[in-house]
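As provided, final.cif (mmCIF, N, CA and C atoms) reads as follows.
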```cif
data_target
loop_
_atom_site.label_atom_id
_atom_site.label_comp_id
_atom_site.auth_asym_id
_atom_site.auth_seq_id
_atom_site.Cartn_x
_atom_site.Cartn_y
_atom_site.Cartn_z
N MET A 5 0.84 -1.18 0.00
CA MET A 5 0.00 0.00 0.00
C MET A 5 0.88 1.24 0.00
N ALA A 6 0.65 2.10 -0.92
CA ALA A 6 1.44 3.32 -1.00
C ALA A 6 0.63 4.54 -0.57
N VAL A 7 -0.46 4.32 0.14
CA VAL A 7 -1.32 5.40 0.58
C VAL A 7 -0.78 5.92 1.91
N PHE A 8 -1.01 7.20 2.18
CA PHE A 8 -0.54 7.79 3.42
C PHE A 8 -1.71 8.21 4.27
N ALA A 9 -1.52 8.16 5.60
CA ALA A 9 -2.51 8.68 6.54
C ALA A 9 -1.80 9.72 7.39
N THR A 10 -2.49 10.81 7.69
CA THR A 10 -1.89 11.85 8.50
C THR A 10 -2.73 12.08 9.73
N ALA A 11 -2.11 12.62 10.75
CA ALA A 11 -2.82 12.88 12.00
C ALA A 11 -3.39 14.29 11.99
N CYS A 12 -4.30 14.54 12.90
CA CYS A 12 -4.89 15.87 13.04
C CYS A 12 -3.83 16.86 13.47
N ALA A 13 -4.01 18.12 13.12
CA ALA A 13 -3.08 19.15 13.54
C ALA A 13 -2.97 19.20 15.05
N SER A 14 -4.07 18.95 15.76
CA SER A 14 -4.05 19.00 17.21
C SER A 14 -3.23 17.87 17.82
N SER A 15 -2.93 16.84 17.05
CA SER A 15 -2.15 15.72 17.58
C SER A 15 -0.74 15.68 17.02
N GLY A 16 -0.30 16.74 16.39
CA GLY A 16 1.06 16.82 15.92
C GLY A 16 1.23 16.69 14.42
N ALA A 17 0.18 16.50 13.64
CA ALA A 17 0.23 16.42 12.18
C ALA A 17 1.32 15.48 11.68
N VAL A 18 1.32 14.27 12.14
CA VAL A 18 2.31 13.26 11.77
C VAL A 18 1.83 12.51 10.53
N THR A 19 2.72 12.34 9.55
CA THR A 19 2.40 11.57 8.36
C THR A 19 2.83 10.13 8.59
N ILE A 20 1.95 9.18 8.25
CA ILE A 20 2.23 7.77 8.49
C ILE A 20 2.08 6.99 7.19
N ASP A 21 3.08 6.23 6.84
CA ASP A 21 3.02 5.36 5.68
C ASP A 21 2.07 4.20 6.01
N ALA A 22 1.17 3.87 5.10
CA ALA A 22 0.19 2.81 5.34
C ALA A 22 0.83 1.48 5.68
N ASP A 23 2.04 1.23 5.19
CA ASP A 23 2.73 -0.02 5.50
C ASP A 23 3.11 -0.12 6.97
N GLU A 24 3.12 1.01 7.68
CA GLU A 24 3.45 1.01 9.11
C GLU A 24 2.23 0.80 10.00
N LEU A 25 1.04 0.78 9.43
CA LEU A 25 -0.18 0.71 10.22
C LEU A 25 -0.54 -0.68 10.77
N PRO A 26 -0.29 -1.78 10.06
CA PRO A 26 -0.71 -3.08 10.60
C PRO A 26 -0.14 -3.35 11.99
N GLY A 27 -0.98 -3.98 12.81
CA GLY A 27 -0.62 -4.32 14.18
C GLY A 27 -1.87 -4.36 15.02
N THR A 28 -1.71 -4.62 16.30
CA THR A 28 -2.82 -4.66 17.24
C THR A 28 -2.77 -3.40 18.10
N TYR A 29 -3.89 -2.71 18.18
CA TYR A 29 -4.03 -1.49 18.96
C TYR A 29 -5.04 -1.75 20.07
N ARG A 30 -4.71 -1.33 21.30
CA ARG A 30 -5.55 -1.66 22.46
C ARG A 30 -5.77 -0.43 23.33
N ASN A 31 -6.94 -0.41 23.96
CA ASN A 31 -7.22 0.55 25.02
C ASN A 31 -7.13 -0.22 26.32
N ASP A 32 -6.13 0.07 27.14
CA ASP A 32 -5.92 -0.69 28.37
C ASP A 32 -7.06 -0.52 29.37
N LYS A 33 -7.73 0.62 29.35
CA LYS A 33 -8.83 0.86 30.30
C LYS A 33 -10.04 -0.02 29.99
N THR A 34 -10.41 -0.12 28.71
CA THR A 34 -11.61 -0.89 28.34
C THR A 34 -11.28 -2.32 27.89
N GLY A 35 -10.03 -2.54 27.46
CA GLY A 35 -9.65 -3.84 26.91
C GLY A 35 -10.01 -3.98 25.44
N GLY A 36 -10.63 -2.95 24.85
CA GLY A 36 -10.98 -3.00 23.43
C GLY A 36 -9.75 -3.05 22.56
N GLU A 37 -9.82 -3.83 21.48
CA GLU A 37 -8.70 -3.99 20.56
C GLU A 37 -9.14 -3.91 19.11
N ILE A 38 -8.26 -3.38 18.29
CA ILE A 38 -8.44 -3.43 16.84
C ILE A 38 -7.15 -3.97 16.25
N LEU A 39 -7.27 -5.04 15.47
CA LEU A 39 -6.13 -5.64 14.78
C LEU A 39 -6.24 -5.28 13.31
N LEU A 40 -5.22 -4.58 12.79
CA LEU A 40 -5.12 -4.29 11.36
C LEU A 40 -4.14 -5.29 10.78
N ASP A 41 -4.63 -6.21 9.98
CA ASP A 41 -3.78 -7.25 9.39
C ASP A 41 -3.14 -6.73 8.11
N VAL A 42 -1.99 -7.27 7.76
CA VAL A 42 -1.28 -6.83 6.55
C VAL A 42 -2.06 -7.15 5.27
N ASN A 43 -3.01 -8.08 5.34
CA ASN A 43 -3.78 -8.47 4.16
C ASN A 43 -5.01 -7.60 3.92
N GLY A 44 -5.15 -6.50 4.69
CA GLY A 44 -6.28 -5.60 4.49
C GLY A 44 -7.52 -5.97 5.27
N ARG A 45 -7.42 -6.96 6.15
CA ARG A 45 -8.54 -7.34 7.02
C ARG A 45 -8.32 -6.74 8.41
N PHE A 46 -9.42 -6.54 9.14
CA PHE A 46 -9.30 -6.10 10.53
C PHE A 46 -10.26 -6.91 11.38
N SER A 47 -9.96 -6.96 12.66
CA SER A 47 -10.90 -7.51 13.63
C SER A 47 -10.93 -6.57 14.83
N ALA A 48 -12.12 -6.37 15.36
CA ALA A 48 -12.31 -5.51 16.52
C ALA A 48 -12.95 -6.35 17.61
N THR A 49 -12.38 -6.29 18.80
CA THR A 49 -12.95 -7.02 19.93
C THR A 49 -13.12 -6.05 21.09
N GLY A 50 -14.27 -6.16 21.74
CA GLY A 50 -14.53 -5.33 22.91
C GLY A 50 -14.69 -3.85 22.61
N ILE A 51 -15.16 -3.52 21.40
CA ILE A 51 -15.39 -2.12 21.01
C ILE A 51 -16.90 -1.90 20.97
N SER A 52 -17.40 -0.88 21.65
CA SER A 52 -18.85 -0.65 21.63
C SER A 52 -19.27 0.04 20.34
N GLN A 53 -20.51 -0.20 19.96
CA GLN A 53 -21.05 0.45 18.77
C GLN A 53 -21.03 1.97 18.97
N SER A 54 -21.29 2.43 20.16
CA SER A 54 -21.27 3.85 20.45
C SER A 54 -19.89 4.46 20.24
N ASP A 55 -18.83 3.77 20.70
CA ASP A 55 -17.47 4.27 20.49
C ASP A 55 -17.12 4.30 19.00
N ALA A 56 -17.57 3.31 18.26
CA ALA A 56 -17.22 3.20 16.84
C ALA A 56 -18.02 4.14 15.95
N THR A 57 -19.30 4.33 16.25
CA THR A 57 -20.17 5.08 15.33
C THR A 57 -20.83 6.31 15.93
N GLY A 58 -20.74 6.48 17.25
CA GLY A 58 -21.39 7.61 17.90
C GLY A 58 -22.86 7.38 18.18
N ARG A 59 -23.34 6.19 17.90
CA ARG A 59 -24.74 5.84 18.17
C ARG A 59 -24.81 4.35 18.48
N GLY A 60 -25.91 3.93 19.06
CA GLY A 60 -26.06 2.52 19.37
C GLY A 60 -25.63 2.21 20.80
N GLY A 61 -25.48 0.93 21.06
CA GLY A 61 -25.22 0.46 22.41
C GLY A 61 -23.80 0.70 22.90
N VAL A 62 -23.66 0.62 24.23
CA VAL A 62 -22.35 0.78 24.86
C VAL A 62 -21.75 -0.56 25.28
N VAL A 63 -22.48 -1.65 25.04
CA VAL A 63 -21.97 -2.98 25.37
C VAL A 63 -20.89 -3.35 24.35
N PRO A 64 -19.72 -3.79 24.82
CA PRO A 64 -18.66 -4.18 23.88
C PRO A 64 -19.09 -5.32 22.96
N ILE A 65 -18.75 -5.20 21.68
CA ILE A 65 -19.07 -6.22 20.69
C ILE A 65 -17.81 -6.56 19.90
N ASP A 66 -17.86 -7.64 19.16
CA ASP A 66 -16.77 -8.06 18.29
C ASP A 66 -17.27 -8.01 16.84
N PHE A 67 -16.42 -7.53 15.94
CA PHE A 67 -16.78 -7.49 14.53
C PHE A 67 -15.51 -7.43 13.70
N GLY A 68 -15.63 -7.62 12.41
CA GLY A 68 -14.48 -7.61 11.53
C GLY A 68 -14.87 -7.17 10.15
N GLY A 69 -13.86 -7.05 9.28
CA GLY A 69 -14.10 -6.62 7.91
C GLY A 69 -12.80 -6.26 7.23
N THR A 70 -12.86 -5.26 6.37
CA THR A 70 -11.67 -4.82 5.64
C THR A 70 -11.28 -3.42 6.09
N TRP A 71 -10.01 -3.11 5.94
CA TRP A 71 -9.53 -1.76 6.24
C TRP A 71 -8.72 -1.24 5.07
N SER A 72 -8.73 0.09 4.93
CA SER A 72 -7.92 0.73 3.90
C SER A 72 -7.52 2.11 4.39
N ALA A 73 -6.28 2.46 4.12
CA ALA A 73 -5.79 3.80 4.47
C ALA A 73 -6.32 4.78 3.44
N THR A 74 -6.52 6.00 3.87
CA THR A 74 -6.98 7.06 2.97
C THR A 74 -5.88 8.11 2.84
N PRO A 75 -5.96 8.95 1.83
CA PRO A 75 -4.95 10.00 1.70
C PRO A 75 -5.17 11.14 2.70
N SER A 76 -6.18 11.01 3.55
CA SER A 76 -6.42 12.05 4.55
C SER A 76 -5.96 11.58 5.92
N LYS A 77 -6.75 11.77 6.94
CA LYS A 77 -6.30 11.60 8.31
C LYS A 77 -6.75 10.31 8.98
N PHE A 78 -7.28 9.37 8.25
CA PHE A 78 -7.82 8.19 8.92
C PHE A 78 -7.73 6.94 8.07
N VAL A 79 -8.03 5.84 8.73
CA VAL A 79 -8.14 4.52 8.10
C VAL A 79 -9.62 4.18 8.09
N TYR A 80 -10.14 3.75 6.94
CA TYR A 80 -11.53 3.28 6.88
C TYR A 80 -11.60 1.84 7.34
N LEU A 81 -12.51 1.57 8.28
CA LEU A 81 -12.85 0.21 8.66
C LEU A 81 -14.22 -0.06 8.06
N GLU A 82 -14.31 -1.10 7.23
CA GLU A 82 -15.58 -1.45 6.60
C GLU A 82 -16.03 -2.80 7.14
N PRO A 83 -16.89 -2.78 8.18
CA PRO A 83 -17.34 -4.04 8.79
C PRO A 83 -18.16 -4.88 7.83
N ASP A 84 -17.95 -6.21 7.88
CA ASP A 84 -18.76 -7.09 7.05
C ASP A 84 -19.65 -8.00 7.88
N ASP A 85 -19.45 -8.06 9.18
CA ASP A 85 -20.35 -8.84 10.03
C ASP A 85 -20.43 -8.16 11.38
N THR A 86 -21.56 -7.51 11.64
CA THR A 86 -21.73 -6.77 12.88
C THR A 86 -22.88 -7.32 13.71
N GLY A 87 -23.26 -8.55 13.46
CA GLY A 87 -24.33 -9.15 14.23
C GLY A 87 -25.65 -8.44 14.08
N GLY A 88 -25.93 -7.91 12.88
CA GLY A 88 -27.20 -7.24 12.64
C GLY A 88 -27.22 -5.77 13.04
N ARG A 89 -26.12 -5.25 13.58
CA ARG A 89 -26.07 -3.85 13.96
C ARG A 89 -25.73 -2.99 12.74
N ASP A 90 -26.32 -1.80 12.67
CA ASP A 90 -26.01 -0.87 11.59
C ASP A 90 -24.76 -0.09 11.97
N MET A 91 -23.61 -0.48 11.41
CA MET A 91 -22.36 0.16 11.77
C MET A 91 -21.86 1.11 10.69
N GLY A 92 -22.05 0.79 9.42
CA GLY A 92 -21.50 1.62 8.36
C GLY A 92 -19.98 1.61 8.39
N ASP A 93 -19.37 2.51 7.63
CA ASP A 93 -17.91 2.63 7.65
C ASP A 93 -17.48 3.37 8.91
N ILE A 94 -16.36 2.96 9.47
CA ILE A 94 -15.83 3.55 10.70
C ILE A 94 -14.50 4.20 10.39
N GLN A 95 -14.27 5.38 10.94
CA GLN A 95 -13.02 6.09 10.74
C GLN A 95 -12.13 5.88 11.96
N LEU A 96 -10.98 5.26 11.72
CA LEU A 96 -9.97 5.06 12.76
C LEU A 96 -8.86 6.08 12.47
N TRP A 97 -8.78 7.10 13.29
CA TRP A 97 -7.86 8.22 13.06
C TRP A 97 -6.46 7.88 13.55
N THR A 98 -5.44 8.32 12.82
CA THR A 98 -4.05 8.08 13.19
C THR A 98 -3.48 9.30 13.92
N ALA A 99 -2.92 9.05 15.10
CA ALA A 99 -2.27 10.11 15.87
C ALA A 99 -0.76 10.01 15.73
N SER A 100 -0.26 8.79 15.53
CA SER A 100 1.17 8.53 15.30
C SER A 100 1.28 7.09 14.82
N ALA A 101 2.50 6.64 14.58
CA ALA A 101 2.67 5.26 14.12
C ALA A 101 2.18 4.26 15.16
N GLY A 102 2.10 4.64 16.41
CA GLY A 102 1.69 3.71 17.45
C GLY A 102 0.42 4.08 18.18
N LYS A 103 -0.28 5.13 17.74
CA LYS A 103 -1.49 5.57 18.43
C LYS A 103 -2.58 5.89 17.43
N MET A 104 -3.78 5.42 17.74
CA MET A 104 -4.95 5.70 16.92
C MET A 104 -6.12 6.01 17.84
N PHE A 105 -7.19 6.55 17.27
CA PHE A 105 -8.36 6.82 18.07
C PHE A 105 -9.61 6.79 17.22
N LEU A 106 -10.74 6.54 17.89
CA LEU A 106 -12.05 6.59 17.25
C LEU A 106 -12.68 7.94 17.58
N ARG A 107 -13.20 8.61 16.55
CA ARG A 107 -13.91 9.88 16.70
C ARG A 107 -15.00 9.87 15.63
N PRO A 108 -16.19 9.33 15.98
CA PRO A 108 -17.25 9.20 14.98
C PRO A 108 -17.71 10.52 14.37
N ASP A 109 -17.65 11.60 15.13
CA ASP A 109 -18.04 12.91 14.65
C ASP A 109 -16.77 13.76 14.62
N VAL A 110 -16.36 14.21 13.43
CA VAL A 110 -15.11 14.95 13.31
C VAL A 110 -15.09 16.22 14.16
N ASP A 111 -16.27 16.73 14.51
CA ASP A 111 -16.34 17.91 15.37
C ASP A 111 -16.57 17.54 16.83
N GLY A 112 -16.70 16.24 17.09
CA GLY A 112 -16.98 15.78 18.44
C GLY A 112 -15.73 15.26 19.15
N PRO A 113 -15.95 14.73 20.34
CA PRO A 113 -14.82 14.23 21.12
C PRO A 113 -14.31 12.87 20.64
N ILE A 114 -13.11 12.55 21.02
CA ILE A 114 -12.56 11.22 20.80
C ILE A 114 -13.32 10.27 21.70
N THR A 115 -13.77 9.15 21.17
CA THR A 115 -14.53 8.19 21.98
C THR A 115 -13.66 7.06 22.53
N LEU A 116 -12.54 6.75 21.85
CA LEU A 116 -11.68 5.67 22.34
C LEU A 116 -10.28 5.85 21.79
N LYS A 117 -9.28 5.88 22.68
CA LYS A 117 -7.88 5.95 22.28
C LYS A 117 -7.29 4.55 22.31
N LEU A 118 -6.46 4.25 21.31
CA LEU A 118 -5.84 2.93 21.19
C LEU A 118 -4.34 3.09 20.97
N VAL A 119 -3.56 2.22 21.61
CA VAL A 119 -2.10 2.24 21.50
C VAL A 119 -1.65 0.91 20.94
N ARG A 120 -0.67 0.94 20.04
CA ARG A 120 -0.16 -0.30 19.44
C ARG A 120 0.51 -1.15 20.53
N VAL A 121 0.12 -2.43 20.54
CA VAL A 121 0.72 -3.37 21.49
C VAL A 121 1.51 -4.46 20.78
N THR A 122 1.23 -4.70 19.49
CA THR A 122 2.00 -5.66 18.71
C THR A 122 2.11 -5.19 17.27
N ASN A 123 3.16 -5.62 16.61
CA ASN A 123 3.32 -5.42 15.18
C ASN A 123 2.89 -6.72 14.51
N PRO A 124 2.64 -6.68 13.18
CA PRO A 124 2.18 -7.91 12.52
C PRO A 124 3.20 -9.02 12.56
#
```

Step by step, read the file and then write its structure as structure tokens.
Amino acid sequence: MAVFATACASSGAVTIDADELPGTYRNDKTGGEILLDVNGRFSATGISQSDATGRGGVVPIDFGGTWSATPSKFVYLEPDDTGGRDMGDIQLWTASAGKMFLRPDVDGPITLKLVRVTNP
């Protein structure tokens, strides 16, 4: 992947090569994890629908699908099995090579911060 993702100006405006993104990112407080696999697949465990989309339940769920870096500030997560929940595409924002966060509303607050715990 030769696409780049950049962080928000408020987080230091760091440019990240998409090849550096795969790995497991975790929130130690909630235990939620997102794994970005090198093959373009992702899995999310213990992430609430509310944290991911800004609507829906707060009970942690597991889901997976495909991911792709964008030329802007985030990675698109496209869920393919959400247990009947309406999730749509999810934006996983990059803060640095080892930090990401969920912010369903670009004008709203960050709902979940994630730190890389493993590389692929």

Item to complete: For Ala48 of chain A, please output as a ChimeraX atom specification all residues within 7 Å (counting only N, CA and C atoms; exclusion window: fewer than 6 positions along the same chain).
Response: /A:36-39,65-69

Could you dump the residues just selected with N, CA and C atoms as an mmCIF file, in the coordinates of the input?
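That gives us out-v2.cif:
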```
data_model
loop_
_atom_site.group_PDB
_atom_site.id
_atom_site.type_symbol
_atom_site.label_atom_id
_atom_site.label_comp_id
_atom_site.auth_asym_id
_atom_site.auth_seq_id
_atom_site.Cartn_x
_atom_site.Cartn_y
_atom_site.Cartn_z
ATOM 1 N N GLY A 36 -10.630 -2.950 24.850
ATOM 2 C CA GLY A 36 -10.980 -3.000 23.430
ATOM 3 C C GLY A 36 -9.750 -3.050 22.560
ATOM 4 N N GLU A 37 -9.820 -3.830 21.480
ATOM 5 C CA GLU A 37 -8.700 -3.990 20.560
ATOM 6 C C GLU A 37 -9.140 -3.910 19.110
ATOM 7 N N ILE A 38 -8.260 -3.380 18.290
ATOM 8 C CA ILE A 38 -8.440 -3.430 16.840
ATOM 9 C C ILE A 38 -7.150 -3.970 16.250
ATOM 10 N N LEU A 39 -7.270 -5.040 15.470
ATOM 11 C CA LEU A 39 -6.130 -5.640 14.780
ATOM 12 C C LEU A 39 -6.240 -5.280 13.310
ATOM 13 N N ILE A 65 -18.750 -5.200 21.680
ATOM 14 C CA ILE A 65 -19.070 -6.220 20.690
ATOM 15 C C ILE A 65 -17.810 -6.560 19.900
ATOM 16 N N ASP A 66 -17.860 -7.640 19.160
ATOM 17 C CA ASP A 66 -16.770 -8.060 18.290
ATOM 18 C C ASP A 66 -17.270 -8.010 16.840
ATOM 19 N N PHE A 67 -16.420 -7.530 15.940
ATOM 20 C CA PHE A 67 -16.780 -7.490 14.530
ATOM 21 C C PHE A 67 -15.510 -7.430 13.700
ATOM 22 N N GLY A 68 -15.630 -7.620 12.410
ATOM 23 C CA GLY A 68 -14.480 -7.610 11.530
ATOM 24 C C GLY A 68 -14.870 -7.170 10.150
ATOM 25 N N GLY A 69 -13.860 -7.050 9.280
ATOM 26 C CA GLY A 69 -14.100 -6.620 7.910
ATOM 27 C C GLY A 69 -12.800 -6.260 7.230
#
```

Worksheet entry | Met91 of chain A environment, 8 Å, all atoms listed in the file, sequence neighbours closer than 6 positions dropped, as a list of chain:residue names | A:Gln53, A:Ala56, A:Thr57, A:Glu82, A:Pro83

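Residues lying within 7 Å of Asp32 of chain A, counting all atoms listed in the file and ignoring same-chain neighbours fewer than 4 positions away, are A:Gly36, A:Lys117, A:Leu118, A:Val119.
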
Worksheet item: So how many Å separate atom N of Ala22 of chain A and atom CA of Ala73 of chain A, to one decimal?
Response: 7.0 Å

Discussion item. Please report the interatomic distance between atom N of Leu96 of chain A and atom C of Asp109 of chain A in Å with one decimal.
Written reply: 10.7 Å

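For the choices A:Glu24, A:Asp93, A:Thr49, A:Leu40, the atom-to-atom distance to Pro64 of chain A is smallest for A:Thr49 when using all atoms listed in the file.
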